[in-house]
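Undergrad: Compact mmCIF, N, CA and C atoms, file target-v2.txt:
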```
# COMPACT_ATOMS: atom_id res chain seq x y z
N MET A 203 174.98 -29.82 187.95
CA MET A 203 174.79 -28.76 186.98
C MET A 203 173.31 -28.45 186.89
N HIS A 204 172.94 -27.21 187.02
CA HIS A 204 171.55 -26.78 186.99
C HIS A 204 171.24 -26.18 185.62
N SER A 205 170.28 -26.78 184.92
CA SER A 205 169.93 -26.23 183.62
C SER A 205 168.66 -25.40 183.75
N ARG A 206 168.63 -24.29 183.05
CA ARG A 206 167.47 -23.40 183.07
C ARG A 206 166.77 -23.49 181.73
N PHE A 207 165.45 -23.37 181.80
CA PHE A 207 164.66 -23.37 180.58
C PHE A 207 164.82 -22.02 179.89
N SER A 208 165.04 -22.03 178.60
CA SER A 208 165.18 -20.81 177.83
C SER A 208 164.20 -20.83 176.67
N PHE A 209 163.30 -19.85 176.64
CA PHE A 209 162.35 -19.77 175.54
C PHE A 209 163.07 -19.56 174.22
N ASN A 210 164.14 -18.75 174.23
CA ASN A 210 164.88 -18.50 173.00
C ASN A 210 165.47 -19.80 172.43
N ARG A 211 166.05 -20.62 173.31
CA ARG A 211 166.61 -21.89 172.84
C ARG A 211 165.50 -22.83 172.36
N ALA A 212 164.38 -22.84 173.06
CA ALA A 212 163.27 -23.72 172.68
C ALA A 212 162.70 -23.31 171.32
N PHE A 213 162.46 -22.01 171.14
CA PHE A 213 161.92 -21.54 169.86
C PHE A 213 162.92 -21.77 168.73
N SER A 214 164.20 -21.59 169.02
CA SER A 214 165.24 -21.82 168.02
C SER A 214 165.26 -23.29 167.61
N ALA A 215 165.12 -24.18 168.58
CA ALA A 215 165.10 -25.61 168.28
C ALA A 215 163.89 -25.98 167.43
N VAL A 216 162.74 -25.40 167.75
CA VAL A 216 161.53 -25.67 166.96
C VAL A 216 161.70 -25.15 165.54
N ARG A 217 162.25 -23.95 165.40
CA ARG A 217 162.47 -23.39 164.06
C ARG A 217 163.44 -24.26 163.26
N ASN A 218 164.52 -24.69 163.90
CA ASN A 218 165.50 -25.53 163.21
C ASN A 218 164.89 -26.86 162.78
N PHE A 219 164.12 -27.47 163.68
CA PHE A 219 163.46 -28.73 163.35
C PHE A 219 162.49 -28.53 162.20
N SER A 220 161.69 -27.46 162.29
CA SER A 220 160.71 -27.17 161.25
C SER A 220 161.37 -26.93 159.91
N SER A 221 162.49 -26.21 159.92
CA SER A 221 163.16 -25.91 158.65
C SER A 221 163.78 -27.18 158.05
N LYS A 222 164.25 -28.10 158.90
CA LYS A 222 164.80 -29.35 158.39
C LYS A 222 163.70 -30.22 157.81
N VAL A 223 162.54 -30.23 158.47
CA VAL A 223 161.43 -31.06 158.00
C VAL A 223 160.86 -30.52 156.70
N SER A 224 160.65 -29.21 156.64
CA SER A 224 160.00 -28.63 155.47
C SER A 224 160.98 -28.17 154.39
N GLY A 225 162.27 -28.13 154.71
CA GLY A 225 163.26 -27.68 153.74
C GLY A 225 163.30 -26.17 153.60
N GLU A 226 162.63 -25.45 154.47
CA GLU A 226 162.60 -24.00 154.42
C GLU A 226 163.25 -23.45 155.69
N VAL A 227 163.68 -22.21 155.63
CA VAL A 227 164.27 -21.57 156.79
C VAL A 227 163.37 -20.45 157.30
N LYS A 228 162.16 -20.37 156.78
CA LYS A 228 161.23 -19.32 157.22
C LYS A 228 160.77 -19.60 158.65
N SER A 229 160.69 -18.56 159.46
CA SER A 229 160.26 -18.74 160.84
C SER A 229 158.78 -19.05 160.92
N SER A 230 158.02 -18.73 159.88
CA SER A 230 156.60 -18.99 159.92
C SER A 230 156.24 -20.37 159.39
N SER A 231 157.23 -21.18 159.02
CA SER A 231 156.94 -22.48 158.40
C SER A 231 156.21 -23.42 159.36
N LEU A 232 156.52 -23.34 160.65
CA LEU A 232 155.82 -24.17 161.63
C LEU A 232 154.35 -23.76 161.70
N TRP A 233 154.10 -22.46 161.68
CA TRP A 233 152.73 -21.95 161.72
C TRP A 233 151.97 -22.34 160.46
N VAL A 234 152.63 -22.26 159.32
CA VAL A 234 152.01 -22.64 158.04
C VAL A 234 151.68 -24.13 158.05
N THR A 235 152.60 -24.94 158.53
CA THR A 235 152.37 -26.38 158.61
C THR A 235 151.21 -26.69 159.54
N TYR A 236 151.17 -26.02 160.68
CA TYR A 236 150.08 -26.24 161.64
C TYR A 236 148.73 -25.89 161.01
N ASN A 237 148.64 -24.76 160.33
CA ASN A 237 147.39 -24.36 159.69
C ASN A 237 146.99 -25.32 158.57
N ARG A 238 147.97 -25.84 157.84
CA ARG A 238 147.68 -26.83 156.81
C ARG A 238 147.11 -28.10 157.44
N LEU A 239 147.69 -28.53 158.55
CA LEU A 239 147.19 -29.71 159.24
C LEU A 239 145.80 -29.50 159.82
N LEU A 240 145.50 -28.27 160.24
CA LEU A 240 144.15 -27.97 160.73
C LEU A 240 143.11 -28.18 159.64
N VAL A 241 143.48 -27.90 158.40
CA VAL A 241 142.56 -28.09 157.28
C VAL A 241 142.51 -29.56 156.88
N GLU A 242 143.67 -30.20 156.79
CA GLU A 242 143.74 -31.58 156.31
C GLU A 242 143.26 -32.61 157.33
N LYS A 243 143.64 -32.44 158.59
CA LYS A 243 143.30 -33.39 159.65
C LYS A 243 142.90 -32.62 160.91
N PRO A 244 141.72 -31.99 160.88
CA PRO A 244 141.36 -31.09 161.99
C PRO A 244 141.21 -31.77 163.35
N VAL A 245 140.59 -32.94 163.40
CA VAL A 245 140.36 -33.59 164.70
C VAL A 245 141.69 -34.03 165.31
N ALA A 246 142.52 -34.68 164.54
CA ALA A 246 143.82 -35.15 165.05
C ALA A 246 144.69 -33.97 165.48
N THR A 247 144.70 -32.91 164.67
CA THR A 247 145.52 -31.74 165.00
C THR A 247 145.05 -31.08 166.29
N LYS A 248 143.74 -30.94 166.43
CA LYS A 248 143.21 -30.32 167.66
C LYS A 248 143.40 -31.22 168.87
N ALA A 249 143.31 -32.54 168.68
CA ALA A 249 143.54 -33.46 169.79
C ALA A 249 144.99 -33.36 170.28
N ILE A 250 145.93 -33.37 169.33
CA ILE A 250 147.34 -33.27 169.70
C ILE A 250 147.64 -31.91 170.34
N THR A 251 147.08 -30.86 169.78
CA THR A 251 147.27 -29.52 170.35
C THR A 251 146.76 -29.47 171.78
N SER A 252 145.58 -30.03 172.01
CA SER A 252 145.00 -30.05 173.35
C SER A 252 145.88 -30.84 174.31
N GLY A 253 146.41 -31.97 173.85
CA GLY A 253 147.30 -32.77 174.69
C GLY A 253 148.58 -32.05 175.03
N VAL A 254 149.18 -31.38 174.06
CA VAL A 254 150.43 -30.64 174.30
C VAL A 254 150.19 -29.49 175.27
N ILE A 255 149.11 -28.76 175.08
CA ILE A 255 148.80 -27.65 175.98
C ILE A 255 148.57 -28.17 177.40
N ALA A 256 147.84 -29.28 177.53
CA ALA A 256 147.59 -29.86 178.85
C ALA A 256 148.89 -30.30 179.51
N PHE A 257 149.78 -30.91 178.73
CA PHE A 257 151.07 -31.37 179.25
C PHE A 257 151.88 -30.20 179.81
N VAL A 258 152.03 -29.16 179.00
CA VAL A 258 152.81 -27.99 179.41
C VAL A 258 152.15 -27.29 180.60
N ALA A 259 150.82 -27.16 180.55
CA ALA A 259 150.10 -26.47 181.62
C ALA A 259 150.22 -27.22 182.95
N ASP A 260 150.14 -28.54 182.92
CA ASP A 260 150.22 -29.28 184.17
C ASP A 260 151.61 -29.20 184.78
N ILE A 261 152.63 -29.28 183.95
CA ILE A 261 153.99 -29.15 184.49
C ILE A 261 154.21 -27.74 185.05
N ALA A 262 153.74 -26.73 184.33
CA ALA A 262 153.86 -25.35 184.83
C ALA A 262 153.11 -25.18 186.15
N CYS A 263 151.93 -25.77 186.23
CA CYS A 263 151.15 -25.69 187.46
C CYS A 263 151.87 -26.37 188.62
N GLN A 264 152.42 -27.55 188.36
CA GLN A 264 153.14 -28.25 189.42
C GLN A 264 154.38 -27.49 189.87
N LYS A 265 155.04 -26.83 188.94
CA LYS A 265 156.23 -26.05 189.30
C LYS A 265 155.85 -24.77 190.05
N ALA A 266 154.76 -24.14 189.63
CA ALA A 266 154.36 -22.87 190.24
C ALA A 266 153.71 -23.05 191.60
N PHE A 267 152.95 -24.12 191.77
CA PHE A 267 152.20 -24.34 193.01
C PHE A 267 152.61 -25.65 193.64
N LYS A 268 153.75 -25.63 194.28
CA LYS A 268 154.28 -26.84 194.91
C LYS A 268 153.57 -27.06 196.24
N GLU A 269 153.19 -28.32 196.49
CA GLU A 269 152.54 -28.66 197.76
C GLU A 269 153.59 -28.95 198.82
N GLU A 270 153.25 -28.55 200.04
CA GLU A 270 154.11 -28.89 201.17
C GLU A 270 153.86 -30.35 201.54
N PRO A 271 154.91 -31.14 201.69
CA PRO A 271 154.71 -32.52 202.14
C PRO A 271 154.09 -32.54 203.53
N LYS A 272 153.22 -33.52 203.77
CA LYS A 272 152.49 -33.59 205.05
C LYS A 272 153.38 -34.03 206.21
N ASP A 273 154.53 -34.61 205.91
CA ASP A 273 155.40 -35.10 206.98
C ASP A 273 156.36 -34.03 207.52
N GLY A 274 156.27 -32.80 207.01
CA GLY A 274 157.08 -31.70 207.53
C GLY A 274 158.45 -31.58 206.92
N THR A 275 158.79 -32.43 205.97
CA THR A 275 160.10 -32.33 205.33
C THR A 275 160.11 -31.16 204.36
N LYS A 276 161.25 -30.93 203.71
CA LYS A 276 161.34 -29.80 202.79
C LYS A 276 160.46 -30.05 201.56
N LYS A 277 160.21 -28.99 200.81
CA LYS A 277 159.32 -29.05 199.65
C LYS A 277 159.88 -30.00 198.59
N SER A 278 158.95 -30.69 197.95
CA SER A 278 159.32 -31.59 196.86
C SER A 278 159.40 -30.80 195.56
N THR A 279 160.42 -31.08 194.77
CA THR A 279 160.54 -30.42 193.47
C THR A 279 160.27 -31.39 192.33
N ASP A 280 159.87 -32.60 192.66
CA ASP A 280 159.62 -33.61 191.64
C ASP A 280 158.29 -33.35 190.94
N ILE A 281 158.24 -33.75 189.69
CA ILE A 281 157.01 -33.68 188.90
C ILE A 281 156.25 -34.98 189.09
N ASP A 282 154.96 -34.90 189.28
CA ASP A 282 154.10 -36.08 189.36
C ASP A 282 153.75 -36.48 187.93
N TRP A 283 154.58 -37.35 187.35
CA TRP A 283 154.43 -37.72 185.94
C TRP A 283 153.15 -38.51 185.69
N LYS A 284 152.70 -39.26 186.68
CA LYS A 284 151.46 -40.02 186.52
C LYS A 284 150.28 -39.05 186.36
N ARG A 285 150.24 -38.02 187.18
CA ARG A 285 149.20 -36.99 187.09
C ARG A 285 149.27 -36.28 185.73
N THR A 286 150.48 -35.91 185.32
CA THR A 286 150.67 -35.23 184.04
C THR A 286 150.21 -36.11 182.88
N ALA A 287 150.54 -37.40 182.94
CA ALA A 287 150.13 -38.33 181.88
C ALA A 287 148.62 -38.44 181.81
N LYS A 288 147.96 -38.56 182.96
CA LYS A 288 146.49 -38.65 182.98
C LYS A 288 145.86 -37.40 182.38
N PHE A 289 146.33 -36.25 182.80
CA PHE A 289 145.80 -34.98 182.32
C PHE A 289 146.01 -34.84 180.82
N THR A 290 147.18 -35.21 180.35
CA THR A 290 147.49 -35.13 178.92
C THR A 290 146.62 -36.08 178.11
N ILE A 291 146.48 -37.31 178.56
CA ILE A 291 145.70 -38.31 177.82
C ILE A 291 144.21 -37.92 177.76
N ILE A 292 143.68 -37.42 178.86
CA ILE A 292 142.27 -36.99 178.86
C ILE A 292 142.06 -35.88 177.84
N ASN A 293 142.95 -34.93 177.78
CA ASN A 293 142.83 -33.84 176.82
C ASN A 293 143.06 -34.32 175.39
N LEU A 294 143.99 -35.22 175.21
CA LEU A 294 144.32 -35.75 173.88
C LEU A 294 143.16 -36.57 173.32
N VAL A 295 142.59 -37.45 174.14
CA VAL A 295 141.59 -38.40 173.67
C VAL A 295 140.17 -37.85 173.75
N LEU A 296 139.88 -37.05 174.76
CA LEU A 296 138.50 -36.64 175.00
C LEU A 296 138.24 -35.17 174.70
N VAL A 297 138.96 -34.30 175.35
CA VAL A 297 138.66 -32.86 175.29
C VAL A 297 138.88 -32.28 173.89
N GLY A 298 140.02 -32.51 173.29
CA GLY A 298 140.31 -31.95 171.97
C GLY A 298 139.29 -32.34 170.91
N PRO A 299 139.07 -33.66 170.70
CA PRO A 299 138.08 -34.06 169.69
C PRO A 299 136.66 -33.61 170.03
N LEU A 300 136.28 -33.70 171.30
CA LEU A 300 134.93 -33.32 171.69
C LEU A 300 134.67 -31.84 171.43
N LEU A 301 135.63 -30.99 171.77
CA LEU A 301 135.46 -29.55 171.53
C LEU A 301 135.41 -29.22 170.04
N HIS A 302 136.13 -29.98 169.21
CA HIS A 302 136.06 -29.78 167.76
C HIS A 302 134.62 -29.92 167.29
N PHE A 303 133.97 -31.01 167.69
CA PHE A 303 132.60 -31.25 167.24
C PHE A 303 131.60 -30.32 167.93
N TRP A 304 131.83 -30.00 169.19
CA TRP A 304 130.94 -29.09 169.92
C TRP A 304 130.92 -27.71 169.28
N TYR A 305 132.08 -27.13 169.04
CA TYR A 305 132.12 -25.79 168.44
C TYR A 305 131.63 -25.80 167.00
N GLY A 306 131.87 -26.90 166.28
CA GLY A 306 131.33 -27.02 164.94
C GLY A 306 129.81 -27.03 164.95
N THR A 307 129.23 -27.73 165.92
CA THR A 307 127.77 -27.76 166.07
C THR A 307 127.23 -26.40 166.45
N LEU A 308 127.89 -25.71 167.36
CA LEU A 308 127.44 -24.37 167.77
C LEU A 308 127.41 -23.41 166.57
N VAL A 309 128.46 -23.43 165.77
CA VAL A 309 128.53 -22.53 164.62
C VAL A 309 127.47 -22.90 163.58
N ALA A 310 127.20 -24.20 163.41
CA ALA A 310 126.20 -24.64 162.44
C ALA A 310 124.78 -24.30 162.90
N LYS A 311 124.51 -24.45 164.18
CA LYS A 311 123.16 -24.21 164.70
C LYS A 311 122.88 -22.72 164.95
N ILE A 312 123.93 -21.97 165.29
CA ILE A 312 123.77 -20.53 165.54
C ILE A 312 124.76 -19.80 164.64
N PRO A 313 124.42 -19.64 163.36
CA PRO A 313 125.35 -18.98 162.43
C PRO A 313 125.39 -17.47 162.66
N GLY A 314 126.37 -16.84 162.06
CA GLY A 314 126.48 -15.39 162.13
C GLY A 314 127.71 -14.95 162.90
N THR A 315 128.04 -13.67 162.71
CA THR A 315 129.22 -13.11 163.39
C THR A 315 128.84 -11.92 164.26
N GLY A 316 127.57 -11.65 164.41
CA GLY A 316 127.13 -10.52 165.21
C GLY A 316 127.20 -10.79 166.69
N TYR A 317 126.91 -9.73 167.46
CA TYR A 317 126.98 -9.85 168.92
C TYR A 317 125.97 -10.85 169.46
N LEU A 318 124.76 -10.83 168.93
CA LEU A 318 123.71 -11.70 169.46
C LEU A 318 124.04 -13.17 169.25
N SER A 319 124.49 -13.54 168.07
CA SER A 319 124.83 -14.94 167.84
C SER A 319 126.04 -15.35 168.69
N ALA A 320 126.98 -14.46 168.87
CA ALA A 320 128.13 -14.76 169.72
C ALA A 320 127.69 -14.95 171.18
N ILE A 321 126.79 -14.13 171.65
CA ILE A 321 126.28 -14.25 173.03
C ILE A 321 125.55 -15.57 173.21
N TYR A 322 124.73 -15.96 172.22
CA TYR A 322 124.03 -17.25 172.29
C TYR A 322 125.02 -18.41 172.34
N ARG A 323 126.03 -18.36 171.50
CA ARG A 323 127.02 -19.45 171.48
C ARG A 323 127.79 -19.53 172.79
N VAL A 324 128.19 -18.38 173.32
CA VAL A 324 128.93 -18.36 174.59
C VAL A 324 128.04 -18.88 175.72
N ALA A 325 126.77 -18.46 175.73
CA ALA A 325 125.85 -18.91 176.78
C ALA A 325 125.66 -20.43 176.71
N LEU A 326 125.45 -20.96 175.51
CA LEU A 326 125.31 -22.41 175.39
C LEU A 326 126.59 -23.13 175.78
N ASP A 327 127.71 -22.58 175.39
CA ASP A 327 129.00 -23.19 175.73
C ASP A 327 129.19 -23.23 177.24
N GLN A 328 128.90 -22.13 177.92
CA GLN A 328 129.13 -22.05 179.36
C GLN A 328 128.11 -22.80 180.19
N PHE A 329 126.85 -22.78 179.76
CA PHE A 329 125.80 -23.35 180.61
C PHE A 329 125.36 -24.76 180.19
N VAL A 330 125.61 -25.15 178.94
CA VAL A 330 125.20 -26.49 178.51
C VAL A 330 126.38 -27.43 178.48
N PHE A 331 127.48 -27.00 177.85
CA PHE A 331 128.62 -27.89 177.73
C PHE A 331 129.25 -28.12 179.09
```
As structure tokens, please, write out the structure in this file.

TA:
Amino acid sequence: MHSRFSFNRAFSAVRNFSSKVSGEVKSSSLWVTYNRLLVEKPVATKAITSGVIAFVADIACQKAFKEEPKDGTKKSTDIDWKRTAKFTIINLVLVGPLLHFWYGTLVAKIPGTGYLSAIYRVALDQFVF
């Protein structure tokens, strides 16, 4: 039996889980909870977010860009879980928390919302970080 990924089923499952956890049936309750966690526990929330994004991105990358085996056999459809775990852990432990403090420092050292301050922050982000 071949199962296909369905965004509708996935989003429905997330909504159902969120409504059971929060006791609400609002579709925005997951978003509200996420934003509350960003305020209450910003480093942990950003670390977990970074890890989840890395996990999903690596699996999508492996599915989209399959390597040809060097021995000439047919293409492999297996996921390299060790690679995915490494990528996820690096983002969870290092990238997420580090970017939280880096962007906080950039905003503190170069305040403002104008074009010039944004250009300075982007330049420092791209060339220093």

Undergrad: Excluding region 294-309 of chain A and its own-chain neighbours fewer than 5 positions away, which residues fall within 6 Å of it when counting only N, CA and C atoms? Please give them as a list in words.

TA: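 Result of the neighbour search: Val245, Lys248, Ala249, Ile250, Ser252, Gly253 and Phe289 of chain A.
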
Undergrad: In Å to one decimal, how far is atom N of Phe329 (chain A) from atom N of Lys243 (chain A)?

TA: 28.7 Å

Undergrad: Would you compute the distance between CA of Ala246 (chain A) and atom N of Cys263 (chain A)? Give it in Å to one decimal.

TA: 24.5 Å

Undergrad: Quick one: of A:Ile281, A:Leu318, A:Ile312, A:Val241, who's nearest to Gln264 (chain A), counting only C-alpha atoms?

TA: A:Ile281

Undergrad: Could you pull region 278-291 of chain A out of the structure just shown and give all heavy atoms as a PDB file, in the first residue's frame?

TA:
```
ATOM      1  N   SER A 278      18.031   4.794  -5.176  1.00  0.00           N
ATOM      2  CA  SER A 278      17.609   4.513  -3.812  1.00  0.00           C
ATOM      3  C   SER A 278      16.517   5.498  -3.403  1.00  0.00           C
ATOM      4  O   SER A 278      16.591   6.676  -3.703  1.00  0.00           O
ATOM      5  CB  SER A 278      18.801   4.648  -2.868  1.00  0.00           C
ATOM      6  OG  SER A 278      18.373   4.555  -1.541  1.00  0.00           O
ATOM      7  N   THR A 279      15.498   4.993  -2.730  1.00  0.00           N
ATOM      8  CA  THR A 279      14.432   5.874  -2.249  1.00  0.00           C
ATOM      9  C   THR A 279      14.479   6.010  -0.731  1.00  0.00           C
ATOM     10  O   THR A 279      13.605   6.615  -0.143  1.00  0.00           O
ATOM     11  CB  THR A 279      13.052   5.332  -2.659  1.00  0.00           C
ATOM     12  OG1 THR A 279      12.909   4.016  -2.138  1.00  0.00           O
ATOM     13  CG2 THR A 279      12.891   5.330  -4.157  1.00  0.00           C
ATOM     14  N   ASP A 280      15.496   5.438  -0.116  1.00  0.00           N
ATOM     15  CA  ASP A 280      15.606   5.490   1.334  1.00  0.00           C
ATOM     16  C   ASP A 280      16.088   6.859   1.796  1.00  0.00           C
ATOM     17  O   ASP A 280      16.843   7.537   1.110  1.00  0.00           O
ATOM     18  CB  ASP A 280      16.581   4.424   1.844  1.00  0.00           C
ATOM     19  CG  ASP A 280      16.066   3.012   1.612  1.00  0.00           C
ATOM     20  OD1 ASP A 280      14.844   2.851   1.453  1.00  0.00           O
ATOM     21  OD2 ASP A 280      16.885   2.087   1.596  1.00  0.00           O
ATOM     22  N   ILE A 281      15.653   7.224   2.981  1.00  0.00           N
ATOM     23  CA  ILE A 281      16.100   8.462   3.625  1.00  0.00           C
ATOM     24  C   ILE A 281      17.344   8.137   4.442  1.00  0.00           C
ATOM     25  O   ILE A 281      17.373   7.145   5.160  1.00  0.00           O
ATOM     26  CB  ILE A 281      14.999   9.023   4.557  1.00  0.00           C
ATOM     27  CG1 ILE A 281      13.735   9.375   3.781  1.00  0.00           C
ATOM     28  CG2 ILE A 281      15.500  10.221   5.351  1.00  0.00           C
ATOM     29  CD1 ILE A 281      13.861  10.560   2.880  1.00  0.00           C
ATOM     30  N   ASP A 282      18.344   8.989   4.365  1.00  0.00           N
ATOM     31  CA  ASP A 282      19.541   8.860   5.188  1.00  0.00           C
ATOM     32  C   ASP A 282      19.234   9.511   6.535  1.00  0.00           C
ATOM     33  O   ASP A 282      19.416  10.713   6.724  1.00  0.00           O
ATOM     34  CB  ASP A 282      20.725   9.546   4.497  1.00  0.00           C
ATOM     35  CG  ASP A 282      22.022   9.386   5.253  1.00  0.00           C
ATOM     36  OD1 ASP A 282      22.006   8.895   6.400  1.00  0.00           O
ATOM     37  OD2 ASP A 282      23.072   9.772   4.697  1.00  0.00           O
ATOM     38  N   TRP A 283      18.729   8.703   7.474  1.00  0.00           N
ATOM     39  CA  TRP A 283      18.279   9.223   8.766  1.00  0.00           C
ATOM     40  C   TRP A 283      19.431   9.754   9.609  1.00  0.00           C
ATOM     41  O   TRP A 283      19.247  10.680  10.398  1.00  0.00           O
ATOM     42  CB  TRP A 283      17.483   8.173   9.521  1.00  0.00           C
ATOM     43  CG  TRP A 283      16.172   7.896   8.853  1.00  0.00           C
ATOM     44  CD1 TRP A 283      15.829   6.769   8.161  1.00  0.00           C
ATOM     45  CD2 TRP A 283      15.039   8.768   8.769  1.00  0.00           C
ATOM     46  NE1 TRP A 283      14.552   6.884   7.661  1.00  0.00           N
ATOM     47  CE2 TRP A 283      14.042   8.106   8.026  1.00  0.00           C
ATOM     48  CE3 TRP A 283      14.776  10.046   9.253  1.00  0.00           C
ATOM     49  CZ2 TRP A 283      12.805   8.677   7.758  1.00  0.00           C
ATOM     50  CZ3 TRP A 283      13.542  10.613   8.986  1.00  0.00           C
ATOM     51  CH2 TRP A 283      12.573   9.928   8.246  1.00  0.00           C
ATOM     52  N   LYS A 284      20.609   9.187   9.434  1.00  0.00           N
ATOM     53  CA  LYS A 284      21.773   9.669  10.181  1.00  0.00           C
ATOM     54  C   LYS A 284      22.104  11.106   9.751  1.00  0.00           C
ATOM     55  O   LYS A 284      22.361  11.965  10.590  1.00  0.00           O
ATOM     56  CB  LYS A 284      22.965   8.747   9.942  1.00  0.00           C
ATOM     57  CG  LYS A 284      24.148   9.023  10.812  1.00  0.00           C
ATOM     58  CD  LYS A 284      25.228   7.965  10.601  1.00  0.00           C
ATOM     59  CE  LYS A 284      26.432   8.260  11.467  1.00  0.00           C
ATOM     60  NZ  LYS A 284      27.487   7.262  11.271  1.00  0.00           N
ATOM     61  N   ARG A 285      22.089  11.354   8.459  1.00  0.00           N
ATOM     62  CA  ARG A 285      22.325  12.702   7.932  1.00  0.00           C
ATOM     63  C   ARG A 285      21.254  13.671   8.428  1.00  0.00           C
ATOM     64  O   ARG A 285      21.550  14.775   8.875  1.00  0.00           O
ATOM     65  CB  ARG A 285      22.328  12.657   6.402  1.00  0.00           C
ATOM     66  CG  ARG A 285      22.295  13.996   5.743  1.00  0.00           C
ATOM     67  CD  ARG A 285      22.101  13.859   4.241  1.00  0.00           C
ATOM     68  NE  ARG A 285      21.270  14.946   3.762  1.00  0.00           N
ATOM     69  CZ  ARG A 285      21.179  15.283   2.493  1.00  0.00           C
ATOM     70  NH1 ARG A 285      21.835  14.625   1.571  1.00  0.00           N
ATOM     71  NH2 ARG A 285      20.400  16.274   2.140  1.00  0.00           N
ATOM     72  N   THR A 286      19.990  13.241   8.360  1.00  0.00           N
ATOM     73  CA  THR A 286      18.882  14.082   8.817  1.00  0.00           C
ATOM     74  C   THR A 286      19.011  14.404  10.302  1.00  0.00           C
ATOM     75  O   THR A 286      18.792  15.541  10.718  1.00  0.00           O
ATOM     76  CB  THR A 286      17.533  13.404   8.521  1.00  0.00           C
ATOM     77  OG1 THR A 286      17.436  13.180   7.109  1.00  0.00           O
ATOM     78  CG2 THR A 286      16.364  14.259   8.973  1.00  0.00           C
ATOM     79  N   ALA A 287      19.388  13.412  11.097  1.00  0.00           N
ATOM     80  CA  ALA A 287      19.559  13.634  12.539  1.00  0.00           C
ATOM     81  C   ALA A 287      20.671  14.635  12.815  1.00  0.00           C
ATOM     82  O   ALA A 287      20.516  15.541  13.650  1.00  0.00           O
ATOM     83  CB  ALA A 287      19.847  12.310  13.239  1.00  0.00           C
ATOM     84  N   LYS A 288      21.793  14.498  12.116  1.00  0.00           N
ATOM     85  CA  LYS A 288      22.908  15.439  12.299  1.00  0.00           C
ATOM     86  C   LYS A 288      22.491  16.861  11.947  1.00  0.00           C
ATOM     87  O   LYS A 288      22.760  17.806  12.690  1.00  0.00           O
ATOM     88  CB  LYS A 288      24.102  15.040  11.430  1.00  0.00           C
ATOM     89  CG  LYS A 288      24.840  13.824  11.895  1.00  0.00           C
ATOM     90  CD  LYS A 288      25.958  13.511  10.918  1.00  0.00           C
ATOM     91  CE  LYS A 288      26.629  12.189  11.206  1.00  0.00           C
ATOM     92  NZ  LYS A 288      27.664  11.878  10.210  1.00  0.00           N
ATOM     93  N   PHE A 289      21.842  17.009  10.817  1.00  0.00           N
ATOM     94  CA  PHE A 289      21.402  18.327  10.350  1.00  0.00           C
ATOM     95  C   PHE A 289      20.406  18.936  11.333  1.00  0.00           C
ATOM     96  O   PHE A 289      20.486  20.124  11.669  1.00  0.00           O
ATOM     97  CB  PHE A 289      20.784  18.171   8.956  1.00  0.00           C
ATOM     98  CG  PHE A 289      20.571  19.452   8.214  1.00  0.00           C
ATOM     99  CD1 PHE A 289      21.617  20.312   7.938  1.00  0.00           C
ATOM    100  CD2 PHE A 289      19.311  19.797   7.769  1.00  0.00           C
ATOM    101  CE1 PHE A 289      21.417  21.489   7.247  1.00  0.00           C
ATOM    102  CE2 PHE A 289      19.090  20.967   7.073  1.00  0.00           C
ATOM    103  CZ  PHE A 289      20.156  21.818   6.811  1.00  0.00           C
ATOM    104  N   THR A 290      19.485  18.130  11.820  1.00  0.00           N
ATOM    105  CA  THR A 290      18.479  18.602  12.775  1.00  0.00           C
ATOM    106  C   THR A 290      19.120  19.018  14.091  1.00  0.00           C
ATOM    107  O   THR A 290      18.815  20.087  14.629  1.00  0.00           O
ATOM    108  CB  THR A 290      17.425  17.504  13.023  1.00  0.00           C
ATOM    109  OG1 THR A 290      16.813  17.160  11.772  1.00  0.00           O
ATOM    110  CG2 THR A 290      16.360  17.960  13.999  1.00  0.00           C
ATOM    111  N   ILE A 291      20.018  18.201  14.611  1.00  0.00           N
ATOM    112  CA  ILE A 291      20.653  18.496  15.900  1.00  0.00           C
ATOM    113  C   ILE A 291      21.521  19.759  15.816  1.00  0.00           C
ATOM    114  O   ILE A 291      21.509  20.586  16.730  1.00  0.00           O
ATOM    115  CB  ILE A 291      21.456  17.278  16.401  1.00  0.00           C
ATOM    116  CG1 ILE A 291      20.475  16.169  16.798  1.00  0.00           C
ATOM    117  CG2 ILE A 291      22.366  17.642  17.560  1.00  0.00           C
ATOM    118  CD1 ILE A 291      21.114  14.824  17.042  1.00  0.00           C
TER     119      ILE A 291
END
```
